[in-house]
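The file upload.cif comes next; it holds mmCIF, C-alpha atoms.
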```
data_data
#
loop_
_atom_site.label_atom_id
_atom_site.label_comp_id
_atom_site.auth_asym_id
_atom_site.auth_seq_id
_atom_site.Cartn_x
_atom_site.Cartn_y
_atom_site.Cartn_z
CA SER Y 377 -16.94 -50.75 -3.90
CA GLN Y 378 -13.62 -50.52 -5.78
CA SER Y 379 -15.33 -49.45 -9.03
CA HIS Y 380 -17.26 -46.72 -7.19
CA GLN Y 381 -13.99 -45.47 -5.64
CA ASN Y 382 -12.35 -45.40 -9.07
CA ILE Y 383 -15.25 -43.41 -10.56
CA SER Y 384 -15.16 -40.79 -7.77
CA PHE Y 385 -11.36 -40.69 -8.09
CA GLU Y 386 -11.64 -40.01 -11.83
CA LYS Y 387 -14.17 -37.24 -11.14
CA LYS Y 388 -11.68 -35.60 -8.79
CA ARG Y 389 -9.00 -35.80 -11.50
CA THR Y 390 -11.36 -34.27 -14.08
CA SER Y 391 -12.33 -31.43 -11.73
CA ILE Y 392 -8.64 -30.63 -11.15
CA SER Y 393 -8.07 -30.49 -14.92
CA LYS Y 394 -10.98 -28.08 -15.34
CA MET Y 395 -9.58 -25.78 -12.65
CA VAL Y 396 -6.20 -25.48 -14.42
CA GLN Y 397 -6.18 -22.92 -17.23
CA THR Y 398 -3.70 -22.37 -20.08
CA LYS Y 399 -1.73 -19.21 -19.31
CA LEU Y 400 1.43 -19.03 -21.42
CA TYR Y 401 1.12 -21.25 -24.51
CA HIS Y 402 -0.78 -18.94 -26.87
CA LYS Y 403 1.61 -16.02 -26.43
CA PHE Y 404 4.59 -18.39 -26.62
CA VAL Y 405 3.48 -19.88 -29.96
CA GLU Y 406 3.16 -16.40 -31.49
CA GLY Y 407 6.96 -16.24 -31.25
CA VAL Y 408 7.59 -19.59 -32.95
CA PRO Y 409 8.43 -19.24 -36.69
CA ASP Y 410 6.71 -20.76 -39.70
CA ALA Y 411 7.50 -24.47 -40.17
CA SER Y 412 6.60 -24.87 -43.85
CA GLY Y 413 8.62 -27.51 -45.67
CA LYS Y 414 9.76 -29.19 -42.45
CA VAL Y 415 8.86 -32.74 -41.39
CA PHE Y 416 8.42 -33.48 -37.68
CA VAL Y 417 8.26 -37.11 -36.50
CA ILE Y 418 6.52 -37.20 -33.10
CA THR Y 419 5.85 -40.20 -30.86
CA GLY Y 420 2.76 -40.30 -28.67
CA THR Y 421 0.36 -37.76 -30.17
CA THR Y 422 -2.95 -39.24 -29.00
CA SER Y 423 -3.16 -36.88 -26.02
CA GLY Y 424 -1.10 -34.60 -23.80
CA THR Y 425 2.03 -32.75 -24.86
CA GLY Y 426 2.53 -34.78 -28.05
CA ASN Y 427 -0.98 -33.90 -29.20
CA VAL Y 428 -0.32 -30.20 -28.54
CA ALA Y 429 3.03 -30.42 -30.37
CA ALA Y 430 1.44 -32.06 -33.45
CA ARG Y 431 -1.29 -29.44 -33.57
CA THR Y 432 1.30 -26.67 -33.24
CA VAL Y 433 3.32 -28.10 -36.12
CA ALA Y 434 0.18 -28.15 -38.30
CA LYS Y 435 -0.79 -24.64 -37.22
CA LEU Y 436 2.63 -23.38 -38.32
CA GLY Y 437 2.61 -25.15 -41.69
CA GLY Y 438 4.84 -28.13 -40.95
CA GLU Y 439 4.18 -31.82 -41.63
CA ALA Y 440 3.46 -33.93 -38.53
CA VAL Y 441 4.28 -37.64 -38.74
CA LEU Y 442 2.35 -39.26 -35.90
CA LEU Y 443 3.80 -42.42 -34.34
CA ASN Y 444 1.22 -44.19 -32.18
CA ARG Y 445 0.15 -47.74 -31.51
CA LYS Y 446 -3.08 -48.76 -33.19
CA SER Y 447 -6.09 -47.90 -31.03
CA ASP Y 448 -9.52 -46.26 -31.10
CA ARG Y 449 -8.01 -43.38 -29.13
CA SER Y 450 -5.34 -42.65 -31.73
CA THR Y 451 -7.92 -42.85 -34.56
CA LYS Y 452 -10.28 -40.43 -32.78
CA SER Y 453 -7.38 -38.14 -31.91
CA LEU Y 454 -6.32 -37.94 -35.57
CA GLU Y 455 -9.92 -37.22 -36.64
CA ALA Y 456 -10.12 -34.36 -34.11
CA MET Y 457 -6.82 -32.87 -35.33
CA LYS Y 458 -7.97 -33.00 -38.96
CA GLU Y 459 -11.26 -31.39 -37.98
CA ASP Y 460 -9.51 -28.54 -36.16
CA TYR Y 461 -6.84 -28.10 -38.86
CA PRO Y 462 -8.41 -29.05 -42.22
CA GLU Y 463 -5.31 -27.77 -44.07
CA GLY Y 464 -2.93 -29.51 -41.64
CA LYS Y 465 -0.52 -32.18 -42.83
CA PHE Y 466 -0.89 -35.23 -40.58
CA VAL Y 467 0.70 -38.57 -41.52
CA PRO Y 468 -0.14 -41.43 -39.12
CA ILE Y 469 2.28 -44.36 -38.90
CA GLU Y 470 1.61 -47.34 -36.65
CA CYS Y 471 4.29 -47.75 -34.00
CA ASP Y 472 4.07 -49.72 -30.75
CA LEU Y 473 7.02 -48.66 -28.60
CA GLN Y 474 6.69 -51.87 -26.55
CA SER Y 475 7.79 -53.89 -29.58
CA PHE Y 476 11.15 -53.32 -31.30
CA GLU Y 477 9.76 -55.13 -34.36
CA SER Y 478 6.95 -52.56 -34.58
CA VAL Y 479 9.44 -49.69 -34.23
CA LYS Y 480 11.62 -51.25 -36.94
CA ASN Y 481 8.59 -51.42 -39.27
CA ALA Y 482 7.70 -47.79 -38.51
CA ILE Y 483 11.25 -46.72 -39.35
CA ALA Y 484 11.05 -48.58 -42.68
CA GLU Y 485 7.75 -46.82 -43.46
CA ILE Y 486 9.23 -43.40 -42.60
CA LYS Y 487 12.21 -44.11 -44.86
CA SER Y 488 9.89 -45.17 -47.69
CA LYS Y 489 8.01 -41.86 -47.44
CA TYR Y 490 10.80 -39.37 -46.67
CA SER Y 491 14.42 -38.78 -47.66
CA SER Y 492 14.88 -36.16 -44.92
CA ILE Y 493 13.22 -35.06 -41.68
CA TYR Y 494 13.75 -31.89 -39.68
CA CYS Y 495 12.88 -33.14 -36.21
CA LEU Y 496 12.43 -36.35 -34.23
CA ALA Y 497 10.46 -35.62 -31.05
CA CYS Y 498 10.79 -38.54 -28.61
CA ASN Y 499 7.74 -37.57 -26.62
CA ALA Y 500 5.74 -40.72 -25.84
CA GLY Y 501 5.87 -42.09 -22.33
CA ILE Y 502 4.08 -44.15 -19.71
CA MET Y 503 4.31 -43.61 -15.95
CA ALA Y 504 4.40 -45.87 -12.89
CA THR Y 505 2.93 -48.91 -14.62
CA PRO Y 506 3.11 -52.49 -13.26
CA ASP Y 507 6.36 -54.49 -13.19
CA LYS Y 508 5.97 -56.32 -16.50
CA ALA Y 509 8.15 -57.32 -19.43
CA THR Y 510 7.56 -56.34 -23.04
CA VAL Y 511 7.55 -58.99 -25.80
CA ASP Y 512 11.30 -58.26 -26.03
CA GLY Y 513 11.88 -58.93 -22.31
CA TYR Y 514 12.59 -55.39 -21.15
CA ASP Y 515 10.73 -53.30 -18.56
CA THR Y 516 7.64 -51.80 -20.22
CA GLN Y 517 8.48 -48.30 -19.01
CA MET Y 518 12.15 -48.41 -20.05
CA GLN Y 519 11.39 -49.78 -23.51
CA THR Y 520 8.53 -47.33 -24.12
CA ASN Y 521 10.20 -44.24 -22.68
CA HIS Y 522 13.82 -44.78 -23.72
CA LEU Y 523 14.96 -47.91 -25.58
CA SER Y 524 12.55 -47.67 -28.52
CA HIS Y 525 13.37 -43.97 -28.84
CA PHE Y 526 17.07 -44.89 -28.88
CA LEU Y 527 16.33 -47.18 -31.85
CA LEU Y 528 14.41 -44.42 -33.64
CA VAL Y 529 17.27 -41.95 -33.12
CA GLU Y 530 19.94 -44.36 -34.37
CA ASP Y 531 18.11 -45.45 -37.51
CA LEU Y 532 16.65 -42.05 -38.46
CA MET Y 533 20.00 -40.27 -38.10
CA PRO Y 534 20.71 -40.25 -41.88
CA LEU Y 535 17.33 -38.58 -42.53
CA LEU Y 536 18.04 -36.02 -39.81
CA GLU Y 537 21.48 -35.29 -41.32
CA ALA Y 538 19.74 -34.74 -44.67
CA GLY Y 539 17.27 -32.43 -42.91
CA ALA Y 540 20.13 -30.46 -41.36
CA ALA Y 541 21.74 -30.09 -44.79
CA ALA Y 542 18.46 -28.80 -46.25
CA HIS Y 543 17.43 -26.44 -43.43
CA GLY Y 544 20.71 -25.45 -41.76
CA ASP Y 545 19.91 -27.50 -38.67
CA ALA Y 546 17.77 -30.42 -37.46
CA ARG Y 547 16.48 -31.50 -34.05
CA ILE Y 548 16.32 -34.54 -31.79
CA VAL Y 549 14.23 -33.78 -28.70
CA THR Y 550 13.89 -36.18 -25.78
CA HIS Y 551 11.08 -35.58 -23.29
CA SER Y 552 12.21 -36.04 -19.71
CA SER Y 553 10.38 -34.96 -16.55
CA MET Y 554 10.88 -33.65 -13.02
CA GLY Y 555 11.19 -37.34 -12.11
CA ARG Y 556 14.76 -37.40 -13.49
CA ASP Y 557 15.86 -35.81 -10.20
CA HIS Y 558 14.20 -38.41 -7.98
CA CYS Y 559 16.01 -41.69 -8.63
CA HIS Y 560 16.21 -43.89 -5.53
CA THR Y 561 19.81 -44.90 -6.19
CA PRO Y 562 22.84 -44.03 -3.98
CA ASN Y 563 24.03 -41.17 -6.21
CA LYS Y 564 20.57 -40.43 -7.71
CA GLY Y 565 22.00 -41.86 -10.93
CA LEU Y 566 21.16 -44.52 -13.50
CA GLU Y 567 21.37 -48.21 -12.60
CA GLU Y 568 22.27 -50.80 -15.23
CA LYS Y 569 19.74 -53.45 -14.21
CA TYR Y 570 16.85 -51.28 -15.45
CA PHE Y 571 18.27 -51.38 -19.01
CA GLY Y 572 18.54 -55.17 -19.30
CA LYS Y 573 16.12 -57.99 -20.03
CA ASN Y 574 14.81 -57.88 -16.46
CA GLY Y 575 11.21 -56.86 -17.15
CA GLY Y 576 8.92 -58.16 -14.40
CA ASN Y 577 11.77 -58.41 -11.87
CA LEU Y 578 12.43 -54.76 -11.08
CA GLY Y 579 10.81 -53.88 -7.78
CA GLY Y 580 7.19 -55.00 -7.97
CA ASP Y 581 3.95 -53.06 -8.23
CA GLU Y 582 3.94 -50.90 -5.10
CA ILE Y 583 2.70 -47.35 -5.69
CA LYS Y 584 3.15 -44.60 -3.12
CA MET Y 585 3.40 -40.86 -3.65
CA MET Y 586 6.63 -40.62 -5.72
CA ARG Y 587 7.85 -43.89 -4.18
CA GLY Y 588 7.55 -47.64 -4.68
CA GLY Y 589 8.75 -49.91 -7.47
CA CYS Y 590 6.48 -48.42 -10.15
CA PHE Y 591 7.92 -44.94 -9.61
CA HIS Y 592 11.50 -46.17 -9.16
CA ARG Y 593 11.36 -47.62 -12.68
CA TYR Y 594 9.72 -44.48 -14.07
CA PHE Y 595 12.38 -42.17 -12.61
CA GLN Y 596 15.12 -44.28 -14.18
CA THR Y 597 13.52 -43.88 -17.60
CA LYS Y 598 13.17 -40.12 -17.25
CA LEU Y 599 16.80 -39.76 -16.20
CA ALA Y 600 17.67 -41.97 -19.19
CA ASN Y 601 15.94 -39.39 -21.43
CA SER Y 602 18.17 -36.53 -20.26
CA VAL Y 603 21.37 -38.63 -20.12
CA HIS Y 604 20.59 -39.78 -23.69
CA MET Y 605 20.34 -36.14 -24.79
CA TYR Y 606 23.64 -35.09 -23.19
CA GLY Y 607 25.39 -38.10 -24.71
CA LEU Y 608 23.88 -37.34 -28.13
CA HIS Y 609 24.95 -33.71 -27.86
CA ASN Y 610 28.55 -34.76 -27.18
CA LYS Y 611 28.62 -37.20 -30.09
CA LEU Y 612 27.03 -34.75 -32.55
CA GLN Y 613 29.45 -31.98 -31.53
CA GLU Y 614 32.41 -34.32 -32.02
CA SER Y 615 31.26 -35.11 -35.56
CA ASN Y 616 30.54 -31.41 -36.35
CA SER Y 617 26.91 -32.28 -37.03
CA LYS Y 618 24.31 -29.54 -37.45
CA ILE Y 619 21.74 -31.67 -35.60
CA ARG Y 620 20.81 -30.23 -32.22
CA ALA Y 621 20.14 -32.62 -29.32
CA ILE Y 622 17.72 -30.99 -26.90
CA SER Y 623 15.62 -32.18 -23.97
CA ALA Y 624 12.54 -30.85 -22.21
CA HIS Y 625 10.45 -31.40 -19.11
CA PRO Y 626 6.74 -30.45 -18.90
CA GLY Y 627 6.61 -29.53 -15.21
CA GLY Y 628 3.50 -30.79 -13.44
CA SER Y 629 1.21 -30.75 -16.44
CA LYS Y 630 -2.19 -32.40 -16.80
CA THR Y 631 -1.41 -34.79 -19.64
CA GLY Y 632 -3.40 -37.81 -18.45
CA LEU Y 633 -0.16 -39.70 -17.81
CA ASP Y 634 -1.19 -40.43 -14.21
CA GLY Y 635 -4.87 -41.11 -14.89
CA HIS Y 636 -4.58 -44.74 -13.77
CA LEU Y 637 -2.93 -44.00 -10.43
CA ASP Y 638 -4.71 -44.16 -7.08
CA TYR Y 639 -2.48 -42.84 -4.29
CA GLY Y 640 -4.90 -43.71 -1.50
CA PHE Y 641 -7.51 -41.62 0.32
CA PHE Y 642 -5.12 -39.12 1.94
CA TRP Y 643 -2.98 -38.22 -1.09
CA ASN Y 644 -5.97 -38.21 -3.46
CA ASN Y 645 -7.55 -35.49 -1.32
CA VAL Y 646 -4.28 -33.57 -0.93
CA LEU Y 647 -3.94 -33.54 -4.73
CA LYS Y 648 -7.53 -32.35 -5.07
CA VAL Y 649 -6.69 -29.27 -2.99
CA LEU Y 650 -3.11 -28.58 -4.12
CA GLY Y 651 -3.31 -29.88 -7.70
CA PRO Y 652 -4.61 -26.67 -9.31
CA MET Y 653 -1.85 -24.64 -7.61
CA MET Y 654 0.90 -27.04 -8.67
CA MET Y 655 -0.28 -27.97 -12.17
CA GLN Y 656 -0.28 -26.46 -15.63
CA THR Y 657 -2.22 -27.54 -18.73
CA SER Y 658 -0.75 -29.84 -21.35
CA GLU Y 659 -0.54 -26.78 -23.66
CA ASP Y 660 1.67 -24.92 -21.17
CA GLY Y 661 3.48 -28.19 -20.39
CA ALA Y 662 4.32 -28.68 -24.09
CA MET Y 663 6.22 -25.39 -24.39
CA GLY Y 664 9.63 -26.92 -23.58
CA LEU Y 665 9.06 -29.70 -26.12
CA ILE Y 666 7.92 -27.22 -28.80
CA LYS Y 667 10.82 -24.88 -28.04
CA GLY Y 668 13.22 -27.76 -28.62
CA MET Y 669 11.45 -28.76 -31.82
CA MET Y 670 10.92 -25.38 -33.45
CA ASP Y 671 12.50 -22.37 -31.72
CA PRO Y 672 15.63 -21.09 -33.55
CA SER Y 673 17.10 -19.97 -30.20
CA ALA Y 674 16.91 -23.47 -28.65
CA GLU Y 675 20.47 -24.68 -28.08
CA SER Y 676 21.88 -28.17 -28.38
CA GLY Y 677 22.83 -29.75 -25.07
CA VAL Y 678 20.17 -27.87 -23.10
CA LEU Y 679 17.08 -29.11 -21.25
CA TYR Y 680 14.15 -26.66 -21.32
CA GLY Y 681 11.22 -26.53 -18.92
CA PRO Y 682 9.90 -24.66 -15.88
CA LYS Y 683 12.78 -23.16 -13.86
CA ASN Y 684 14.75 -25.46 -11.52
CA SER Y 685 12.64 -28.50 -12.46
CA GLY Y 686 9.61 -26.60 -11.20
CA SER Y 687 5.99 -27.63 -11.72
CA LYS Y 688 4.94 -24.70 -13.90
CA GLY Y 689 6.22 -21.71 -15.81
CA PRO Y 690 7.89 -20.78 -19.12
CA PRO Y 691 10.49 -23.07 -20.72
CA VAL Y 692 13.95 -21.98 -19.56
CA PRO Y 693 17.30 -23.81 -19.45
CA ASN Y 694 17.59 -26.23 -16.52
CA PRO Y 695 21.29 -26.63 -15.62
CA PRO Y 696 22.39 -30.30 -15.71
CA LYS Y 697 23.06 -32.25 -12.52
CA GLU Y 698 26.24 -34.34 -12.21
CA TYR Y 699 24.29 -37.59 -12.60
CA GLU Y 700 22.90 -36.37 -15.95
CA THR Y 701 26.27 -35.67 -17.55
CA ASP Y 702 28.31 -38.39 -15.80
CA PRO Y 703 30.52 -39.95 -18.54
CA LYS Y 704 30.13 -43.40 -16.94
CA ALA Y 705 26.33 -43.10 -17.04
CA ILE Y 706 26.43 -42.05 -20.69
CA GLU Y 707 28.77 -44.94 -21.51
CA MET Y 708 26.55 -47.46 -19.69
CA LEU Y 709 23.40 -46.13 -21.37
CA TRP Y 710 24.99 -46.37 -24.82
CA LYS Y 711 26.36 -49.87 -24.26
CA THR Y 712 23.12 -51.36 -22.89
CA SER Y 713 20.82 -49.51 -25.30
CA THR Y 714 22.96 -50.43 -28.32
CA GLU Y 715 22.89 -54.10 -27.28
CA ALA Y 716 19.11 -53.99 -26.79
CA VAL Y 717 18.31 -52.57 -30.23
CA ALA Y 718 21.12 -54.20 -32.25
CA PRO Y 719 19.01 -57.11 -33.59
CA PHE Y 720 16.48 -54.62 -34.99
CA ARG Y 721 18.80 -52.10 -36.64
CA ALA Y 722 18.20 -51.53 -40.35
#
```
Output the structure of this file as C-alpha cells.
Amino acid sequence: SQSHQNISFEKKRTSISKMVQTKLYHKFVEGVPDASGKVFVITGTTSGTGNVAARTVAKLGGEAVLLNRKSDRSTKSLEAMKEDYPEGKFVPIECDLQSFESVKNAIAEIKSKYSSIYCLACNAGIMATPDKATVDGYDTQMQTNHLSHFLLVEDLMPLLEAGAAAHGDARIVTHSSMGRDHCHTPNKGLEEKYFGKNGGNLGGDEIKMMRGGCFHRYFQTKLANSVHMYGLHNKLQESNSKIRAISAHPGGSKTGLDGHLDYGFFWNNVLKVLGPMMMQTSEDGAMGLIKGMMDPSAESGVLYGPKNSGSKGPPVPNPPKEYETDPKAIEMLWKTSTEAVAPFRA
C-alpha cells in the first residue's frame, strides 16, 4: 500500500541521516567570536540549519529572535533549545512566511522589542512543494523562500543600520542552495513569471530527480536568494552602509527539507546507497550561514558554502555566475518584489 511505501521510504531517509556524521562544525565554531550584546533575527529555526544557527547564537552569548509559524513543532523545538541552553536568550515571534500580513505583524513586534539588531538571517525555506498559491496569490515556494524575506529586509533596514552603528557592522544573510545553478531557463537565469501572482499556474506538481515543475519553482527561489544578496550588496555599497550582505549554501545537508519527497523506487534506492557519501549533517551544512552571520572575516557580496557549489565541505567563497549578478535580473527582482510587498510596508 501507499502508506506502507511511505513508511519504508521514511525509514530509509532516517537510516541515511544516522550514517552521516558531523565532521567540521565543532572545530569551526571554536573560531567564531563571542556574540554578547548582539541580536540575531532568524527565520525557520524549528529544525535544520536555522535550528543549528539559533543554538550557536545562544552558545556564544547572543540573543536569538526566532521567526516561525505557530505549530507544535516550533513549540517543542523551542523547549529543546531552552533545555540544552538554560542561559540562552531565545525570543520566539510568530511569523508565517506564506502570509505578508503575518510577516508585517512580526516586523511590528520586532520593532516594539528592539531599536537595533545585528543580523537578519533569511534562512527559512521549503522545497519542491505542490503548485499552489498563498493567501496573497503568489507561489508558495517563492513567497516563503524569497518575497517574505524581501519584506523583512526592507522594513528591518533601519534597525540593521542602528546595529551597524552600535557594533561597527551588521549582517543580512540570505540562504541559497546548490539549486541556484539548476534553473531550467534558457540562460539558467531568473524568469519574471515566478515572481508574480501566478501561484498554482507555474508548472504543475511533477517531481523527478532535480526536474519537474516542483523543482523548477524551487530553483528559481534559490537563485532569487543569491541575486537578492548581490543586489543588496551593490545598494549598500553605494550608500556607504556598514551592513554586509552575504549569502550561503548548505551543500547536500540533511535538514529534513526533502522529507516529503518520493523520487520513485529507483532513485530512492540510489539515494540510500549514495546519500551518506554525498551528504553532510545540518550542523556542517549550517557553517556557511553561521559564517555569514557571525564571522568577522565574512565579506559582503560573497556567497559561502562547500567549494564550487559542492555537496559537502567547509564554507568557502563560491564565485558568482553571470546569471547571479546580471543587472537585468537584479532590476527585475527588485521591481517585482517591491510591487509584491508594497501594500504591507510599514
Checklist entry - Which residues match the PyMOL selection byres ((chain Y and resi 485-491) around 10) in the file above, as a list of chain:residue names? => result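 Here the PyMOL selection byres ((chain Y and resi 485-491) around 10) matches Y:Val415, Y:Val417, Y:Val441, Y:Leu443, Y:Val467, Y:Ile469, Y:Glu470, Y:Val479, Y:Lys480, Y:Asn481, Y:Ala482, Y:Ile483, Y:Ala484, Y:Ser492, Y:Ile493, Y:Asp531, Y:Leu532, Y:Pro534, Y:Leu535, Y:Leu536, Y:Ala538, Y:Gly539.
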Checklist entry - Looking at Y:Glu455, Y:Glu698, Y:Glu530, Y:Asp460, which one is nearest to Phe720 (chain Y), with distances taken over only C-alpha atoms? => result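 Under the stated criterion, the closest residue is Y:Glu530.
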Item to check | Of the listed residues Y:Ser524, Y:Ser676, Y:Ser685, Y:Ser423, that which approaches Tyr606 (chain Y) most closely, counting all atoms listed in the file | outcome: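 Of Y:Ser524, Y:Ser676, Y:Ser685, Y:Ser423, the one nearest Tyr606 (chain Y) is Y:Ser676, counting all atoms listed in the file.
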Item to check | Selection dump of the PyMOL selection byres ((chain Y and resi 546) around 6), as a list in words | outcome: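 When the PyMOL selection byres ((chain Y and resi 546) around 6) is applied to the shown file, the picked residues are Tyr494, Cys495, Gly539, Ala540, Asp545, Arg547 and Ile619 of chain Y.
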Output C-alpha atoms for every residue in that selection, as a short mmCIF file (atom, residue, chain, number, x, y, z; two decimals), in the coordinates of the input.
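Wrote it out as selection_9.cif, contents follow:
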```
data_model
loop_
_atom_site.label_atom_id
_atom_site.label_comp_id
_atom_site.auth_asym_id
_atom_site.auth_seq_id
_atom_site.Cartn_x
_atom_site.Cartn_y
_atom_site.Cartn_z
CA TYR Y 494 13.75 -31.89 -39.68
CA CYS Y 495 12.88 -33.14 -36.21
CA GLY Y 539 17.27 -32.43 -42.91
CA ALA Y 540 20.13 -30.46 -41.36
CA ASP Y 545 19.91 -27.50 -38.67
CA ARG Y 547 16.48 -31.50 -34.05
CA ILE Y 619 21.74 -31.67 -35.60
#
```
Next on the checklist: One number please: CA of Asn444 (chain Y) to CA of Gly420 (chain Y), in Å, one decimal.
Outcome noted: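 These two atoms are separated by 5.5 Å.
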Checklist entry - In terms of the shortest atom-to-atom distance over all atoms listed in the file, which of Y:Gly664, Y:Pro691, Y:Gly677, Y:Gly589 is closest to Thr505 (chain Y)? => result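 Using all atoms listed in the file, the shortest distance to Thr505 (chain Y) belongs to Y:Gly589.
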Next on the checklist: Residues near Asn563 (chain Y), anyone? I mean within 12 Å using only C-alpha atoms, not counting same-chain ones fewer than 6 positions away, as a ChimeraX atom specification.
Outcome noted: /Y:557,697-700,702,705
What does the file look like for those residues with C-alpha atoms, as a PDB file, in the coordinates of the input?
```pdb
ATOM      1  CA  ASP Y 557      15.860 -35.810 -10.200  1.00  0.00           C
ATOM      2  CA  LYS Y 697      23.060 -32.250 -12.520  1.00  0.00           C
ATOM      3  CA  GLU Y 698      26.240 -34.340 -12.210  1.00  0.00           C
ATOM      4  CA  TYR Y 699      24.290 -37.590 -12.600  1.00  0.00           C
ATOM      5  CA  GLU Y 700      22.900 -36.370 -15.950  1.00  0.00           C
ATOM      6  CA  ASP Y 702      28.310 -38.390 -15.800  1.00  0.00           C
ATOM      7  CA  ALA Y 705      26.330 -43.100 -17.040  1.00  0.00           C
TER       8      ALA Y 705
END
```
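Candidate residues Y:Asn574, Y:Ser629, Y:Ser412, Y:Ser450 were compared for distance to Lys465 (chain Y), and the nearest is Y:Ser412, using all atoms listed in the file.
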Checklist entry - Hey, which of Y:Leu599, Y:Gly607, Y:Gly689, Y:Leu612 ends up closest to Gly565 (chain Y)? Count all atoms listed in the file. => result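 Residue with the minimum atom-to-atom distance to Gly565 (chain Y): Y:Leu599.
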Item to check | Distance criterion (all atoms listed in the file): nearest to Val678 (chain Y) out of Y:Ala429, Y:Leu496, Y:Ala411, Y:Met605 | outcome: Y:Met605
Next on the checklist: Expand the PyMOL selection byres ((chain Y and resi 582) around 10) into the explicit residue set it covers here, and present it as a list in words.
Outcome noted: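 That expression, the PyMOL selection byres ((chain Y and resi 582) around 10), corresponds here to Ala504, Thr505, Pro506, Asp507, Gly579, Gly580, Asp581, Ile583, Lys584, Arg587, Gly588, Gly589, Cys590, Phe591 and His592 of chain Y.
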Checklist entry - What does the distance between CA of Lys569 (chain Y) and CA of Asn601 (chain Y) come to in Å, to one decimal place? => result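 For CA of Lys569 (chain Y) relative to CA of Asn601 (chain Y), the distance reads 16.3 Å.
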Item to check | Spatial neighbours of Met670 (chain Y), max dist 12 Å, all atoms listed in the file, sep filter under 4 positions, as a ChimeraX atom specification | outcome: /Y:404-405,407-412,414-416,429-430,432-433,436-438,494-497,543,545-549,620,622,662-666,674-675
Selected residues written out with C-alpha atoms, as a tab-separated table (two decimals), keeping the file's coordinate frame:
```tsv
chain	number	residue	atom	x	y	z
Y	404	PHE	CA	4.59	-18.39	-26.62
Y	405	VAL	CA	3.48	-19.88	-29.96
Y	407	GLY	CA	6.96	-16.24	-31.25
Y	408	VAL	CA	7.59	-19.59	-32.95
Y	409	PRO	CA	8.43	-19.24	-36.69
Y	410	ASP	CA	6.71	-20.76	-39.70
Y	411	ALA	CA	7.50	-24.47	-40.17
Y	412	SER	CA	6.60	-24.87	-43.85
Y	414	LYS	CA	9.76	-29.19	-42.45
Y	415	VAL	CA	8.86	-32.74	-41.39
Y	416	PHE	CA	8.42	-33.48	-37.68
Y	429	ALA	CA	3.03	-30.42	-30.37
Y	430	ALA	CA	1.44	-32.06	-33.45
Y	432	THR	CA	1.30	-26.67	-33.24
Y	433	VAL	CA	3.32	-28.10	-36.12
Y	436	LEU	CA	2.63	-23.38	-38.32
Y	437	GLY	CA	2.61	-25.15	-41.69
Y	438	GLY	CA	4.84	-28.13	-40.95
Y	494	TYR	CA	13.75	-31.89	-39.68
Y	495	CYS	CA	12.88	-33.14	-36.21
Y	496	LEU	CA	12.43	-36.35	-34.23
Y	497	ALA	CA	10.46	-35.62	-31.05
Y	543	HIS	CA	17.43	-26.44	-43.43
Y	545	ASP	CA	19.91	-27.50	-38.67
Y	546	ALA	CA	17.77	-30.42	-37.46
Y	547	ARG	CA	16.48	-31.50	-34.05
Y	548	ILE	CA	16.32	-34.54	-31.79
Y	549	VAL	CA	14.23	-33.78	-28.70
Y	620	ARG	CA	20.81	-30.23	-32.22
Y	622	ILE	CA	17.72	-30.99	-26.90
Y	662	ALA	CA	4.32	-28.68	-24.09
Y	663	MET	CA	6.22	-25.39	-24.39
Y	664	GLY	CA	9.63	-26.92	-23.58
Y	665	LEU	CA	9.06	-29.70	-26.12
Y	666	ILE	CA	7.92	-27.22	-28.80
Y	674	ALA	CA	16.91	-23.47	-28.65
Y	675	GLU	CA	20.47	-24.68	-28.08
```
Might you pull out every residue within 8 Å of Leu473 (chain Y), with only C-alpha atoms counted and same-chain residues fewer than 3 positions away left off, and present them as a tab-separated table (two decimals) with C-alpha atoms, in the frame of the given file?
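The result, stored in result08.tsv:
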```
chain	number	residue	atom	x	y	z
Y	445	ARG	CA	0.15	-47.74	-31.51
Y	476	PHE	CA	11.15	-53.32	-31.30
Y	478	SER	CA	6.95	-52.56	-34.58
Y	479	VAL	CA	9.44	-49.69	-34.23
Y	519	GLN	CA	11.39	-49.78	-23.51
Y	520	THR	CA	8.53	-47.33	-24.12
Y	524	SER	CA	12.55	-47.67	-28.52
Y	525	HIS	CA	13.37	-43.97	-28.84
```
Checklist entry - Near Ser623 (chain Y), counting only C-alpha atoms, which residues have an atom at most 7 Å away, once you skip same-chain residues fewer than 4 positions from it, shown as a VMD selection string? => result chain Y and resid 549 to 552 602 605 668 678 to 680
With the input short on atoms, add N, CA and C atoms back to region 426-433 of chain Y and write it as a PDB file, keeping the file's coordinate frame.
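Result file selection_27.pdb:
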```pdb
ATOM      1  N   GLY Y 426       2.300 -34.369 -26.664  1.00  0.00           N
ATOM      2  CA  GLY Y 426       2.530 -34.780 -28.050  1.00  0.00           C
ATOM      3  C   GLY Y 426       1.406 -34.320 -28.965  1.00  0.00           C
ATOM      4  N   ASN Y 427       0.185 -34.364 -28.453  1.00  0.00           N
ATOM      5  CA  ASN Y 427      -0.980 -33.900 -29.200  1.00  0.00           C
ATOM      6  C   ASN Y 427      -0.870 -32.388 -29.445  1.00  0.00           C
ATOM      7  N   VAL Y 428      -0.495 -31.654 -28.414  1.00  0.00           N
ATOM      8  CA  VAL Y 428      -0.320 -30.200 -28.540  1.00  0.00           C
ATOM      9  C   VAL Y 428       0.793 -29.889 -29.542  1.00  0.00           C
ATOM     10  N   ALA Y 429       1.900 -30.639 -29.464  1.00  0.00           N
ATOM     11  CA  ALA Y 429       3.030 -30.420 -30.370  1.00  0.00           C
ATOM     12  C   ALA Y 429       2.620 -30.668 -31.829  1.00  0.00           C
ATOM     13  N   ALA Y 430       1.880 -31.741 -32.081  1.00  0.00           N
ATOM     14  CA  ALA Y 430       1.440 -32.060 -33.450  1.00  0.00           C
ATOM     15  C   ALA Y 430       0.525 -30.981 -33.996  1.00  0.00           C
ATOM     16  N   ARG Y 431      -0.377 -30.506 -33.164  1.00  0.00           N
ATOM     17  CA  ARG Y 431      -1.290 -29.440 -33.570  1.00  0.00           C
ATOM     18  C   ARG Y 431      -0.517 -28.147 -33.851  1.00  0.00           C
ATOM     19  N   THR Y 432       0.492 -27.878 -33.055  1.00  0.00           N
ATOM     20  CA  THR Y 432       1.300 -26.670 -33.240  1.00  0.00           C
ATOM     21  C   THR Y 432       2.072 -26.733 -34.552  1.00  0.00           C
ATOM     22  N   VAL Y 433       2.615 -27.897 -34.854  1.00  0.00           N
ATOM     23  CA  VAL Y 433       3.320 -28.100 -36.120  1.00  0.00           C
ATOM     24  C   VAL Y 433       2.377 -27.806 -37.285  1.00  0.00           C
TER      25      VAL Y 433
END
```
